[in-house]
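work.pdb follows (PDB, C-alpha atoms and all ligand atoms):
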```pdb
ATOM      1  CA  MET A   1       0.000   0.000   0.000  1.00  0.00           C
ATOM      2  CA  THR A   2       2.735   2.384   0.886  1.00  0.00           C
ATOM      3  CA  GLU A   3       6.480   2.256   0.922  1.00  0.00           C
ATOM      4  CA  GLU A   4       9.358   4.474   1.790  1.00  0.00           C
ATOM      5  CA  THR A   5      11.479   4.824  -1.326  1.00  0.00           C
ATOM      6  CA  GLY A   6      15.158   5.517  -1.659  1.00  0.00           C
ATOM      7  CA  ASP A   7      15.158   8.313  -4.225  1.00  0.00           C
ATOM      8  CA  PHE A   8      12.204  10.047  -2.711  1.00  0.00           C
ATOM      9  CA  ASP A   9      12.127  11.254   0.846  1.00  0.00           C
ATOM     10  CA  GLY A  10       8.483  10.627   1.495  1.00  0.00           C
ATOM     11  CA  PHE A  11       5.616   8.212   1.112  1.00  0.00           C
ATOM     12  CA  LYS A  12       4.227   6.709  -2.029  1.00  0.00           C
ATOM     13  CA  PHE A  13       0.603   5.696  -2.555  1.00  0.00           C
ATOM     14  CA  ARG A  14      -1.041   3.916  -5.431  1.00  0.00           C
ATOM     15  CA  VAL A  15      -4.343   5.441  -6.511  1.00  0.00           C
ATOM     16  CA  VAL A  16      -6.787   4.290  -9.184  1.00  0.00           C
ATOM     17  CA  LEU A  17      -9.247   6.221 -11.305  1.00  0.00           C
ATOM     18  CA  LEU A  18     -12.601   4.464 -11.678  1.00  0.00           C
ATOM     19  CA  GLY A  19     -15.909   5.166 -13.380  1.00  0.00           C
ATOM     20  CA  GLU A  20     -17.760   4.664 -16.656  1.00  0.00           C
ATOM     21  CA  ALA A  21     -16.298   5.452 -20.065  1.00  0.00           C
ATOM     22  CA  ALA A  22     -16.034   9.110 -21.081  1.00  0.00           C
ATOM     23  CA  VAL A  23     -16.847  10.571 -17.655  1.00  0.00           C
ATOM     24  CA  GLY A  24     -13.535  12.439 -17.744  1.00  0.00           C
ATOM     25  CA  LYS A  25     -11.040  10.251 -15.853  1.00  0.00           C
ATOM     26  CA  THR A  26      -8.183  10.802 -18.274  1.00  0.00           C
ATOM     27  CA  SER A  27      -8.989  14.505 -18.555  1.00  0.00           C
ATOM     28  CA  ILE A  28      -8.958  14.921 -14.768  1.00  0.00           C
ATOM     29  CA  LEU A  29      -5.604  13.194 -14.498  1.00  0.00           C
ATOM     30  CA  ARG A  30      -4.168  15.238 -17.343  1.00  0.00           C
ATOM     31  CA  ARG A  31      -5.467  18.429 -15.904  1.00  0.00           C
ATOM     32  CA  TYR A  32      -3.876  17.591 -12.606  1.00  0.00           C
ATOM     33  CA  THR A  33      -0.504  16.462 -13.878  1.00  0.00           C
ATOM     34  CA  GLN A  34      -0.027  18.873 -16.784  1.00  0.00           C
ATOM     35  CA  ASN A  35      -2.738  21.426 -16.251  1.00  0.00           C
ATOM     36  CA  THR A  36      -3.932  20.945 -19.773  1.00  0.00           C
ATOM     37  CA  PHE A  37      -7.229  19.942 -21.238  1.00  0.00           C
ATOM     38  CA  GLU A  38      -7.480  18.155 -24.533  1.00  0.00           C
ATOM     39  CA  GLU A  39     -10.630  19.052 -26.399  1.00  0.00           C
ATOM     40  CA  GLU A  40      -9.992  16.238 -28.823  1.00  0.00           C
ATOM     41  CA  TYR A  41     -11.298  12.964 -27.420  1.00  0.00           C
ATOM     42  CA  LYS A  42      -8.969  10.015 -27.597  1.00  0.00           C
ATOM     43  CA  GLN A  43     -10.185   6.676 -26.359  1.00  0.00           C
ATOM     44  CA  THR A  44      -7.631   5.533 -23.841  1.00  0.00           C
ATOM     45  CA  ILE A  45      -6.615   2.071 -24.816  1.00  0.00           C
ATOM     46  CA  GLY A  46      -3.829   1.032 -22.506  1.00  0.00           C
ATOM     47  CA  THR A  47      -3.416   1.470 -18.808  1.00  0.00           C
ATOM     48  CA  THR A  48      -1.339   4.506 -18.025  1.00  0.00           C
ATOM     49  CA  PHE A  49      -0.157   6.130 -14.867  1.00  0.00           C
ATOM     50  CA  ALA A  50       1.124   9.478 -13.786  1.00  0.00           C
ATOM     51  CA  SER A  51       2.940  10.348 -10.637  1.00  0.00           C
ATOM     52  CA  LYS A  52       2.914  13.613  -8.801  1.00  0.00           C
ATOM     53  CA  ASP A  53       4.424  14.816  -5.559  1.00  0.00           C
ATOM     54  CA  VAL A  54       2.285  16.623  -3.071  1.00  0.00           C
ATOM     55  CA  GLU A  55       3.238  18.441   0.091  1.00  0.00           C
ATOM     56  CA  ALA A  56       0.839  18.434   2.993  1.00  0.00           C
ATOM     57  CA  GLU A  57       1.059  19.799   6.480  1.00  0.00           C
ATOM     58  CA  ILE A  58      -0.208  17.209   8.902  1.00  0.00           C
ATOM     59  CA  ASP A  59      -0.331  18.026  12.590  1.00  0.00           C
ATOM     60  CA  GLY A  60       2.200  20.773  12.090  1.00  0.00           C
ATOM     61  CA  GLU A  61       4.651  18.706  10.106  1.00  0.00           C
ATOM     62  CA  MET A  62       5.286  18.967   6.363  1.00  0.00           C
ATOM     63  CA  ARG A  63       5.026  15.638   4.610  1.00  0.00           C
ATOM     64  CA  GLN A  64       6.207  14.678   1.145  1.00  0.00           C
ATOM     65  CA  ILE A  65       3.667  12.450  -0.547  1.00  0.00           C
ATOM     66  CA  ARG A  66       3.931  10.840  -3.963  1.00  0.00           C
ATOM     67  CA  LEU A  67       0.694   9.851  -5.643  1.00  0.00           C
ATOM     68  CA  VAL A  68       0.997   7.269  -8.386  1.00  0.00           C
ATOM     69  CA  VAL A  69      -2.310   7.529 -10.207  1.00  0.00           C
ATOM     70  CA  TRP A  70      -3.429   4.747 -12.533  1.00  0.00           C
ATOM     71  CA  ASP A  71      -5.838   5.308 -15.377  1.00  0.00           C
ATOM     72  CA  MET A  72      -7.000   2.070 -16.890  1.00  0.00           C
ATOM     73  CA  GLY A  73      -8.737   3.190 -20.029  1.00  0.00           C
ATOM     74  CA  GLY A  74     -10.987   1.020 -22.103  1.00  0.00           C
ATOM     75  CA  GLN A  75     -10.397  -2.501 -20.794  1.00  0.00           C
ATOM     76  CA  ALA A  76     -12.494  -1.856 -17.710  1.00  0.00           C
ATOM     77  CA  THR A  77     -15.059  -4.336 -19.009  1.00  0.00           C
ATOM     78  CA  TYR A  78     -12.810  -7.295 -18.264  1.00  0.00           C
ATOM     79  CA  ARG A  79     -13.422  -8.235 -14.682  1.00  0.00           C
ATOM     80  CA  GLU A  80     -10.080  -9.910 -14.108  1.00  0.00           C
ATOM     81  CA  LEU A  81      -8.140  -6.961 -15.522  1.00  0.00           C
ATOM     82  CA  ARG A  82     -10.139  -4.658 -13.348  1.00  0.00           C
ATOM     83  CA  ARG A  83      -9.265  -6.652 -10.255  1.00  0.00           C
ATOM     84  CA  GLN A  84      -5.567  -6.650 -11.127  1.00  0.00           C
ATOM     85  CA  TYR A  85      -5.711  -2.946 -11.649  1.00  0.00           C
ATOM     86  CA  MET A  86      -7.383  -2.224  -8.320  1.00  0.00           C
ATOM     87  CA  LYS A  87      -5.232  -4.589  -6.294  1.00  0.00           C
ATOM     88  CA  GLY A  88      -2.965  -2.811  -3.859  1.00  0.00           C
ATOM     89  CA  ALA A  89      -4.530   0.610  -4.313  1.00  0.00           C
ATOM     90  CA  ALA A  90      -4.546   2.789  -1.222  1.00  0.00           C
ATOM     91  CA  GLY A  91      -7.193   5.035  -2.696  1.00  0.00           C
ATOM     92  CA  ALA A  92      -9.671   5.469  -5.520  1.00  0.00           C
ATOM     93  CA  ILE A  93     -11.159   8.440  -7.284  1.00  0.00           C
ATOM     94  CA  ILE A  94     -14.534   7.359  -8.634  1.00  0.00           C
ATOM     95  CA  VAL A  95     -15.904   9.663 -11.297  1.00  0.00           C
ATOM     96  CA  TYR A  96     -19.293  10.275 -12.895  1.00  0.00           C
ATOM     97  CA  ASP A  97     -20.537  12.751 -15.447  1.00  0.00           C
ATOM     98  CA  VAL A  98     -23.277  15.065 -14.134  1.00  0.00           C
ATOM     99  CA  THR A  99     -24.779  15.289 -17.636  1.00  0.00           C
ATOM    100  CA  ARG A 100     -25.309  11.504 -17.865  1.00  0.00           C
ATOM    101  CA  PRO A 101     -27.378   9.937 -15.057  1.00  0.00           C
ATOM    102  CA  GLU A 102     -26.420   6.415 -16.160  1.00  0.00           C
ATOM    103  CA  THR A 103     -22.839   7.141 -15.119  1.00  0.00           C
ATOM    104  CA  PHE A 104     -24.155   8.123 -11.682  1.00  0.00           C
ATOM    105  CA  MET A 105     -26.222   4.938 -11.522  1.00  0.00           C
ATOM    106  CA  ALA A 106     -23.079   2.894 -12.165  1.00  0.00           C
ATOM    107  CA  MET A 107     -21.224   4.418  -9.207  1.00  0.00           C
ATOM    108  CA  ASN A 108     -22.372   1.810  -6.722  1.00  0.00           C
ATOM    109  CA  THR A 109     -21.042  -1.043  -8.835  1.00  0.00           C
ATOM    110  CA  TRP A 110     -17.669   0.676  -9.127  1.00  0.00           C
ATOM    111  CA  PHE A 111     -17.610   1.345  -5.430  1.00  0.00           C
ATOM    112  CA  GLU A 112     -18.593  -2.191  -4.435  1.00  0.00           C
ATOM    113  CA  SER A 113     -16.075  -3.868  -6.693  1.00  0.00           C
ATOM    114  CA  PHE A 114     -13.354  -1.606  -5.388  1.00  0.00           C
ATOM    115  CA  ARG A 115     -14.343  -2.158  -1.750  1.00  0.00           C
ATOM    116  CA  GLU A 116     -14.255  -5.895  -2.295  1.00  0.00           C
ATOM    117  CA  ILE A 117     -10.621  -5.731  -3.393  1.00  0.00           C
ATOM    118  CA  CYS A 118      -9.420  -2.835  -1.230  1.00  0.00           C
ATOM    119  CA  PRO A 119     -11.671  -2.743   1.846  1.00  0.00           C
ATOM    120  CA  GLU A 120      -9.421  -0.336   3.755  1.00  0.00           C
ATOM    121  CA  ALA A 121      -8.846   2.169   0.988  1.00  0.00           C
ATOM    122  CA  ILE A 122      -9.919   5.782   0.857  1.00  0.00           C
ATOM    123  CA  THR A 123     -12.484   6.867  -1.708  1.00  0.00           C
ATOM    124  CA  ILE A 124     -13.123  10.231  -3.313  1.00  0.00           C
ATOM    125  CA  ILE A 125     -16.139  10.939  -5.519  1.00  0.00           C
ATOM    126  CA  CYS A 126     -15.896  13.327  -8.466  1.00  0.00           C
ATOM    127  CA  ALA A 127     -19.096  14.717  -9.937  1.00  0.00           C
ATOM    128  CA  ASN A 128     -17.397  15.864 -13.124  1.00  0.00           C
ATOM    129  CA  LYS A 129     -18.301  18.228 -15.996  1.00  0.00           C
ATOM    130  CA  VAL A 130     -20.008  20.771 -13.748  1.00  0.00           C
ATOM    131  CA  ASP A 131     -19.057  23.441 -16.296  1.00  0.00           C
ATOM    132  CA  LEU A 132     -21.895  22.096 -18.480  1.00  0.00           C
ATOM    133  CA  GLU A 133     -24.528  23.818 -16.362  1.00  0.00           C
ATOM    134  CA  ASP A 134     -27.307  23.742 -18.961  1.00  0.00           C
ATOM    135  CA  GLU A 135     -26.843  20.032 -19.614  1.00  0.00           C
ATOM    136  CA  ARG A 136     -26.555  19.000 -16.000  1.00  0.00           C
ATOM    137  CA  MET A 137     -28.942  16.155 -15.108  1.00  0.00           C
ATOM    138  CA  VAL A 138     -27.609  14.958 -11.758  1.00  0.00           C
ATOM    139  CA  PRO A 139     -28.001  17.634  -9.078  1.00  0.00           C
ATOM    140  CA  VAL A 140     -25.901  17.918  -5.967  1.00  0.00           C
ATOM    141  CA  GLU A 141     -28.228  16.057  -3.544  1.00  0.00           C
ATOM    142  CA  PRO A 142     -27.810  12.554  -4.990  1.00  0.00           C
ATOM    143  CA  GLY A 143     -24.083  13.232  -4.906  1.00  0.00           C
ATOM    144  CA  TYR A 144     -24.305  13.872  -1.181  1.00  0.00           C
ATOM    145  CA  MET A 145     -26.232  10.638  -0.774  1.00  0.00           C
ATOM    146  CA  LEU A 146     -23.400   8.757  -2.442  1.00  0.00           C
ATOM    147  CA  ARG A 147     -20.895  10.544  -0.284  1.00  0.00           C
ATOM    148  CA  ASP A 148     -22.669   9.436   2.900  1.00  0.00           C
ATOM    149  CA  TRP A 149     -23.175   5.936   1.612  1.00  0.00           C
ATOM    150  CA  PHE A 150     -19.536   5.473   0.557  1.00  0.00           C
ATOM    151  CA  GLN A 151     -18.183   7.486   3.491  1.00  0.00           C
ATOM    152  CA  ALA A 152     -16.204   9.329   0.892  1.00  0.00           C
ATOM    153  CA  THR A 153     -15.343  12.937   0.161  1.00  0.00           C
ATOM    154  CA  TYR A 154     -17.413  14.521  -2.610  1.00  0.00           C
ATOM    155  CA  TYR A 155     -16.137  17.088  -5.076  1.00  0.00           C
ATOM    156  CA  GLU A 156     -17.829  18.811  -7.985  1.00  0.00           C
ATOM    157  CA  THR A 157     -15.135  19.056 -10.628  1.00  0.00           C
ATOM    158  CA  SER A 158     -14.495  20.226 -14.132  1.00  0.00           C
ATOM    159  CA  ALA A 159     -11.508  18.921 -16.023  1.00  0.00           C
ATOM    160  CA  LYS A 160     -12.265  21.617 -18.549  1.00  0.00           C
ATOM    161  CA  THR A 161     -12.030  24.651 -16.259  1.00  0.00           C
ATOM    162  CA  GLY A 162      -9.860  22.900 -13.702  1.00  0.00           C
ATOM    163  CA  GLU A 163     -12.376  23.555 -10.939  1.00  0.00           C
ATOM    164  CA  LYS A 164     -11.559  21.576  -7.775  1.00  0.00           C
ATOM    165  CA  VAL A 165      -9.262  19.162  -9.634  1.00  0.00           C
ATOM    166  CA  THR A 166      -6.199  19.942  -7.509  1.00  0.00           C
ATOM    167  CA  ASP A 167      -8.322  19.790  -4.353  1.00  0.00           C
ATOM    168  CA  VAL A 168      -9.288  16.210  -5.152  1.00  0.00           C
ATOM    169  CA  PHE A 169      -5.709  15.017  -5.237  1.00  0.00           C
ATOM    170  CA  SER A 170      -4.526  17.162  -2.324  1.00  0.00           C
ATOM    171  CA  LYS A 171      -7.319  15.894  -0.122  1.00  0.00           C
ATOM    172  CA  LEU A 172      -6.641  12.313  -1.117  1.00  0.00           C
ATOM    173  CA  ALA A 173      -2.918  12.680  -0.422  1.00  0.00           C
ATOM    174  CA  GLU A 174      -3.634  14.182   2.975  1.00  0.00           C
ATOM    175  CA  ASP A 175      -6.171  11.522   3.930  1.00  0.00           C
ATOM    176  CA  LEU A 176      -3.838   8.737   2.823  1.00  0.00           C
ATOM    177  CA  MET A 177      -0.979  10.179   4.816  1.00  0.00           C
ATOM    178  CA  ARG A 178      -3.088  10.683   7.932  1.00  0.00           C
ATOM    179  CA  LYS A 179      -4.414   7.160   7.746  1.00  0.00           C
ATOM    180  CA  HIS A 180      -0.935   5.765   7.297  1.00  0.00           C
ATOM    181  CA  LEU A 181       0.384   7.699  10.288  1.00  0.00           C
ATOM    182  CA  GLU A 182      -2.539   6.550  12.424  1.00  0.00           C
ATOM    183  CA  GLU A 183      -1.932   2.940  11.497  1.00  0.00           C
ATOM    184  CA  LYS A 184       1.770   3.294  12.268  1.00  0.00           C
ATOM    185  CA  SER A 185       1.027   4.685  15.705  1.00  0.00           C
ATOM    186  CA  GLN A 186      -1.193   1.738  16.649  1.00  0.00           C
ATOM    187  CA  PRO A 187       0.647  -0.712  18.891  1.00  0.00           C
ATOM    188  CA  SER A 188       1.484  -3.815  16.878  1.00  0.00           C
ATOM    189  CA  MET A 189       0.194  -7.164  18.075  1.00  0.00           C
TER     190      MET A 189
HETATM  191  P1  LIG B 201     -12.597   8.855 -19.640  1.00  0.00           P
HETATM  192  O1  LIG B 201     -11.105   8.852 -19.472  1.00  0.00           O
HETATM  193  O2  LIG B 201     -13.331   8.749 -18.352  1.00  0.00           O
HETATM  194  O3  LIG B 201     -13.070   7.848 -20.617  1.00  0.00           O
HETATM  195  P2  LIG B 201     -12.144  11.382 -21.009  1.00  0.00           P
HETATM  196  O4  LIG B 201     -13.021  10.303 -20.221  1.00  0.00           O
HETATM  197  O5  LIG B 201     -11.225  12.067 -20.087  1.00  0.00           O
HETATM  198  O6  LIG B 201     -11.544  10.737 -22.189  1.00  0.00           O
HETATM  199  O7  LIG B 201     -13.253  12.439 -21.429  1.00  0.00           O
HETATM  200  C1  LIG B 201     -14.365  12.081 -22.248  1.00  0.00           C
HETATM  201  C2  LIG B 201     -14.961  13.318 -22.918  1.00  0.00           C
HETATM  202  O8  LIG B 201     -15.422  14.240 -21.941  1.00  0.00           O
HETATM  203  C3  LIG B 201     -14.005  14.138 -23.763  1.00  0.00           C
HETATM  204  O9  LIG B 201     -14.785  14.857 -24.727  1.00  0.00           O
HETATM  205  C4  LIG B 201     -13.466  15.146 -22.797  1.00  0.00           C
HETATM  206  O10 LIG B 201     -12.929  16.264 -23.456  1.00  0.00           O
HETATM  207  C5  LIG B 201     -14.752  15.494 -22.074  1.00  0.00           C
HETATM  208  N1  LIG B 201     -14.585  16.039 -20.722  1.00  0.00           N
HETATM  209  C6  LIG B 201     -13.891  15.483 -19.701  1.00  0.00           C
HETATM  210  N2  LIG B 201     -14.007  16.227 -18.602  1.00  0.00           N
HETATM  211  C7  LIG B 201     -14.798  17.281 -18.917  1.00  0.00           C
HETATM  212  C8  LIG B 201     -15.298  18.402 -18.175  1.00  0.00           C
HETATM  213  O11 LIG B 201     -15.049  18.599 -16.997  1.00  0.00           O
HETATM  214  N3  LIG B 201     -16.116  19.267 -18.853  1.00  0.00           N
HETATM  215  C9  LIG B 201     -16.432  19.097 -20.170  1.00  0.00           C
HETATM  216  N4  LIG B 201     -17.236  20.008 -20.725  1.00  0.00           N
HETATM  217  N5  LIG B 201     -15.988  18.049 -20.883  1.00  0.00           N
HETATM  218  C10 LIG B 201     -15.175  17.153 -20.267  1.00  0.00           C
HETATM  219  P3  LIG B 201     -15.131  14.461 -26.242  1.00  0.00           P
HETATM  220  O12 LIG B 201     -16.174  15.433 -26.651  1.00  0.00           O
HETATM  221  O13 LIG B 201     -13.854  14.648 -27.002  1.00  0.00           O
HETATM  222  O14 LIG B 201     -15.631  13.068 -26.202  1.00  0.00           O
HETATM  223 MG    MG B 202      -9.733   7.553 -20.307  1.00  0.00          MG
END
```

Take the structure in the file and write it out as structure tokens.
Amino acid sequence: MTEETGDFDGFKFRVVLLGEAAVGKTSILRRYTQNTFEEEYKQTIGTTFASKDVEAEIDGEMRQIRLVVWDMGGQATYRELRRQYMKGAAGAIIVYDVTRPETFMAMNTWFESFREICPEAITIICANKVDLEDERMVPVEPGYMLRDWFQATYYETSAKTGEKVTDVFSKLAEDLMRKHLEEKSQPSM
């Protein structure tokens, strides 16, 4: 789940991006790692990952955190591949598209299959494409219901404008670090 690495004086966490096709997973990751948004849609075929270092102050101490974020692309339909992909993740960002209710309806399935493989992991929900105000079909309330149900943090994001994208990853990094520190401070059996 986490390891202290030689070249990097901090903690490393594996994170996966989950959610239906075309909800904006790749765009969110790109926006976060390069601060760019590609208007041209390219179906992601292979699994890719991007890593980014985050600094967070936790209980008065600055911590160096490396997030290694995996984006699995199109093969999500193969159950076994999906399991392999999720295995060992410390956190997940599960995304839906507020203009397509069916992507909201699929959230529970994504959440359950992730929980099954990573029961201890931290989950963040992204209600993405909030810039498309006129096309929005899923209001904020059902998002809050999901949040309570998953015991997750909920963010309304736009990969297009960049709204809240950095917050998603910063919050995840902080939560992962806090959890790790808590676990370390528990007396071992
Ligand atoms: P995926 O990785 O989840 O499959 P992508 O999704 O990141 O490939 O995005 C799918 C489509 O949604 C792309 O558009 C992309 O530009 C668009 N998109 C992603 N995030 C946002 C957003 O926040 N706002 C808006 N308006 N569009 C977004 P196309 O049209 O090329 O299919
Ligand atoms: Mg993609």

| Given a cut-off of 10 Å, what residues near ligand LIG 201 (chain B) show up using only C-alpha atoms and all ligand atoms, put as a ChimeraX atom specification? | /A:17-31,37-45,71-74,94-99,127-133,135,156-163,165

| said: Restricting the calculation to only C-alpha atoms and all ligand atoms: of A:Ser113, A:Thr48, A:Thr166, A:Gln34, which residue gets closest to ligand MG 202 (chain B)? | reply: A:Thr48

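Each of A:Thr33, A:Thr103, A:Thr47, A:Gln151 was checked against ligand MG 202 (chain B) using only C-alpha atoms and all ligand atoms; the smallest atom-to-atom distance is that of A:Thr47.
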
| message | Here's the selection I'm unsure about, the PyMOL selection byres (((chain A and resi 154) around 10) and not hetatm); applied to the file above, which residues does it give, as JSON, numbers by chain? | response | {"A": [93, 94, 123, 124, 125, 126, 127, 140, 143, 144, 145, 146, 147, 148, 150, 151, 152, 153, 155, 156, 157, 168]}

| query | Hey, what comes out of the PyMOL selection byres (((chain A and resi 57-66) around 8) and not hetatm) on this file? Could you write it as a ChimeraX atom specification? | reply | /A:9-13,51-56,67-68,173-174,177-178

| message | So the first atom is atom CA of Cys118 of chain A and the second is atom CA of Pro101 of chain A; what is the distance between them in Å, to one decimal place? | response | 26.0 Å

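Going from atom CA of Glu116 of chain A over to atom CA of Lys179 of chain A, you cover 19.2 Å.
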